[in-house]
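Undergrad: Okay, so here is model35.txt, and as you'll see once you scroll down, it has compact mmCIF, C-alpha atoms.
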# COMPACT_ATOMS: atom_id res chain seq x y z
CA ILE A 1 0.00 0.00 0.00
CA ASN A 2 2.77 2.44 0.92
CA SER A 3 4.69 1.85 -2.32
CA THR A 4 1.52 2.35 -4.36
CA ARG A 5 0.74 5.53 -2.45
CA ALA A 6 4.29 6.81 -3.07
CA MET A 7 4.08 5.93 -6.76
CA LEU A 8 0.76 7.78 -7.15
CA ARG A 9 2.13 10.80 -5.31
CA SER A 10 5.18 10.80 -7.60
CA HIS A 11 2.70 11.53 -10.39
CA GLY A 12 1.19 14.43 -8.46
CA ILE A 13 -1.87 12.43 -7.43
CA GLN A 14 -3.19 13.33 -4.00
CA THR A 15 -3.90 10.26 -1.90
CA HIS A 16 -5.10 9.49 1.60
CA ASN A 17 -2.90 8.33 4.47
CA HIS A 18 -5.24 5.54 5.61
CA PRO A 19 -4.05 1.90 5.60
CA THR A 20 -6.61 0.91 2.97
CA PRO A 21 -5.74 -0.59 -0.42
CA ILE A 22 -8.36 1.51 -2.23
CA PHE A 23 -7.39 4.85 -3.74
CA ALA A 24 -9.94 7.28 -5.20
CA PHE A 25 -8.61 10.30 -7.10
CA THR A 26 -9.13 12.67 -10.00
CA LEU A 27 -6.74 13.77 -12.75
CA GLY A 28 -7.79 16.94 -14.54
CA ASP A 29 -11.31 17.29 -15.85
CA GLU A 30 -13.65 14.53 -17.01
CA SER A 31 -12.41 14.61 -20.62
CA ASP A 32 -8.80 14.26 -19.37
CA MET A 33 -9.80 11.31 -17.22
CA LEU A 34 -11.65 9.60 -20.09
CA ARG A 35 -8.55 9.96 -22.27
CA ILE A 36 -6.30 8.64 -19.49
CA GLU A 37 -8.64 5.69 -18.86
CA HIS A 38 -8.55 4.83 -22.58
CA THR A 39 -4.74 5.17 -22.75
CA LEU A 40 -4.32 2.90 -19.73
CA LEU A 41 -6.75 0.35 -21.16
CA ASN A 42 -4.66 0.25 -24.35
CA GLU A 43 -1.72 -0.66 -22.10
CA HIS A 44 -3.77 -3.45 -20.47
CA ILE A 45 -4.36 -1.51 -17.24
CA ILE A 46 -7.92 -1.41 -15.96
CA LEU A 47 -8.28 1.71 -13.84
CA PRO A 48 -12.01 2.40 -13.96
CA LEU A 49 -13.68 5.77 -13.81
CA MET A 50 -16.47 5.80 -11.27
CA GLN A 51 -19.56 7.91 -10.86
CA TYR A 52 -20.85 7.17 -7.41
CA PRO A 53 -22.48 9.40 -4.79
CA ASN A 54 -20.20 10.62 -2.00
CA GLY A 55 -17.02 10.05 -3.99
CA PRO A 56 -14.25 12.62 -4.02
CA ALA A 57 -15.72 14.16 -7.20
CA PRO A 58 -18.64 13.47 -9.57
CA THR A 59 -16.27 11.32 -11.69
CA TYR A 60 -13.07 9.78 -10.30
CA PHE A 61 -10.66 6.90 -10.67
CA ARG A 62 -10.85 4.02 -8.21
CA LEU A 63 -7.70 1.96 -7.82
CA SER A 64 -7.87 -1.16 -5.67
CA ILE A 65 -4.70 -3.09 -4.82
CA ASN A 66 -4.87 -6.66 -3.54
CA ALA A 67 -2.50 -9.44 -2.51
CA SER A 68 -2.26 -10.80 -6.05
CA HIS A 69 -0.70 -7.57 -7.34
CA THR A 70 3.07 -7.87 -7.58
CA LYS A 71 5.74 -5.17 -7.65
CA ALA A 72 5.89 -5.76 -11.40
CA HIS A 73 2.17 -4.91 -11.66
CA ILE A 74 2.68 -1.67 -9.73
CA ASP A 75 5.71 -0.85 -11.90
CA GLN A 76 3.58 -1.48 -15.02
CA LEU A 77 0.93 0.91 -13.68
CA ASP A 78 3.64 3.48 -12.92
CA GLN A 79 4.98 3.30 -16.49
CA ALA A 80 1.48 3.41 -17.98
CA LEU A 81 0.57 6.47 -15.88
CA THR A 82 3.79 8.16 -16.98
CA HIS A 83 2.83 7.55 -20.60
CA ALA A 84 -0.82 8.58 -20.13
CA LEU A 85 0.03 11.77 -18.27
CA LYS A 86 2.70 12.81 -20.81
CA ALA A 87 0.18 12.27 -23.59
CA GLN A 88 -2.11 14.98 -22.19
CA PRO A 89 -2.86 17.71 -24.68
CA ALA A 90 -1.30 21.09 -23.87
Kindly present the structure from the file in structure tokens form.
TA:
Amino acid sequence: INSTRAMLRSHGIQTHNHPTPIFAFTLGDESDMLRIEHTLLNEHIILPLMQYPNGPAPTYFRLSINASHTKAHIDQLDQALTHALKAQPA
């Protein structure tokens, strides 16, 4: 959980400090997040956008880490986020 939190924060993503493996966050506006979700999906990363009452925003990403995720999986997410965030239009 701590390494995932640190990785997300290295991308400028604000995260909680709770010992829970679920991270909810936003990245830009809804069109940015749709583009990021699509880019990640093309890299075989499923990071779903949610629209659920009482979330951190009307639309947000929900990342859930579990015991089957390896360091390699987290590294793959890190690389995919790097790619997706660099691909943002200026």
Undergrad: Would you kindly return, as a PyMOL selection string, each protein, DNA or RNA residue with an atom no farther than 9 Å from any atom of A:Met50, considering all atoms listed in the file and excluding same-chain residues fewer than 2 positions away?
TA: chain A and resi 48+52+55+58-62
Undergrad: Please indicate the distance in Å from atom CA of A:Ala84 to atom CA of A:Ile36, rounded to one decimal place.
TA: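 Taking atom CA of A:Ala84 and atom CA of A:Ile36, their separation equals 5.5 Å.
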Undergrad: For A:Thr20, which of A:Ala6, A:Ile65, A:Leu34, A:Leu49 is the closest residue, counting all atoms listed in the file?
TA: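 Going through A:Ala6, A:Ile65, A:Leu34, A:Leu49 one by one, the smallest distance to A:Thr20 is for A:Ile65.
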Undergrad: I'd like the neighbourhood of A:Pro19 as a PDB file with C-alpha atoms, in the coordinates of the input, where a residue qualifies if any of its atoms comes within 12 Å (using all atoms listed in the file), though same-chain residues fewer than 6 positions away should be ignored.
TA:
ATOM      1  CA  ILE A   1       0.000   0.000   0.000  1.00  0.00           C
ATOM      2  CA  ASN A   2       2.770   2.440   0.920  1.00  0.00           C
ATOM      3  CA  SER A   3       4.690   1.850  -2.320  1.00  0.00           C
ATOM      4  CA  THR A   4       1.520   2.350  -4.360  1.00  0.00           C
ATOM      5  CA  ARG A   5       0.740   5.530  -2.450  1.00  0.00           C
ATOM      6  CA  ILE A  65      -4.700  -3.090  -4.820  1.00  0.00           C
TER       7      ILE A  65
END
Undergrad: Grab the atom CA of A:Met7 to atom CA of A:Gln51 distance for me, in Å with one decimal place.
TA: 24.1 Å
Undergrad: When you count only C-alpha atoms, which of these residues is closest to A:Ile46: A:Thr26, A:Met33, A:His18, A:Leu77?
TA: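 Under the stated criterion, the closest residue is A:Leu77.
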Undergrad: Need the neighbours of (1.2, 12.2, -18.9): which residues are at most 12 Å away, counting all atoms listed in the file, as JSON, numbers by chain?
TA: {"A": [11, 12, 13, 27, 28, 32, 33, 35, 36, 37, 39, 40, 78, 79, 80, 81, 82, 83, 84, 85, 86, 87, 88, 89, 90]}
Undergrad: Quote the spacing between atom CA of A:Pro21 and atom CA of A:Ile74 in Å to one decimal place.
TA: 12.6 Å
Undergrad: My list of candidates is A:Leu8, A:Ile22, A:Leu47, A:Leu41. Which is closest to A:Asn66 when distances are computed with all atoms listed in the file?
TA: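 Result for the nearest residue to A:Asn66: A:Ile22.
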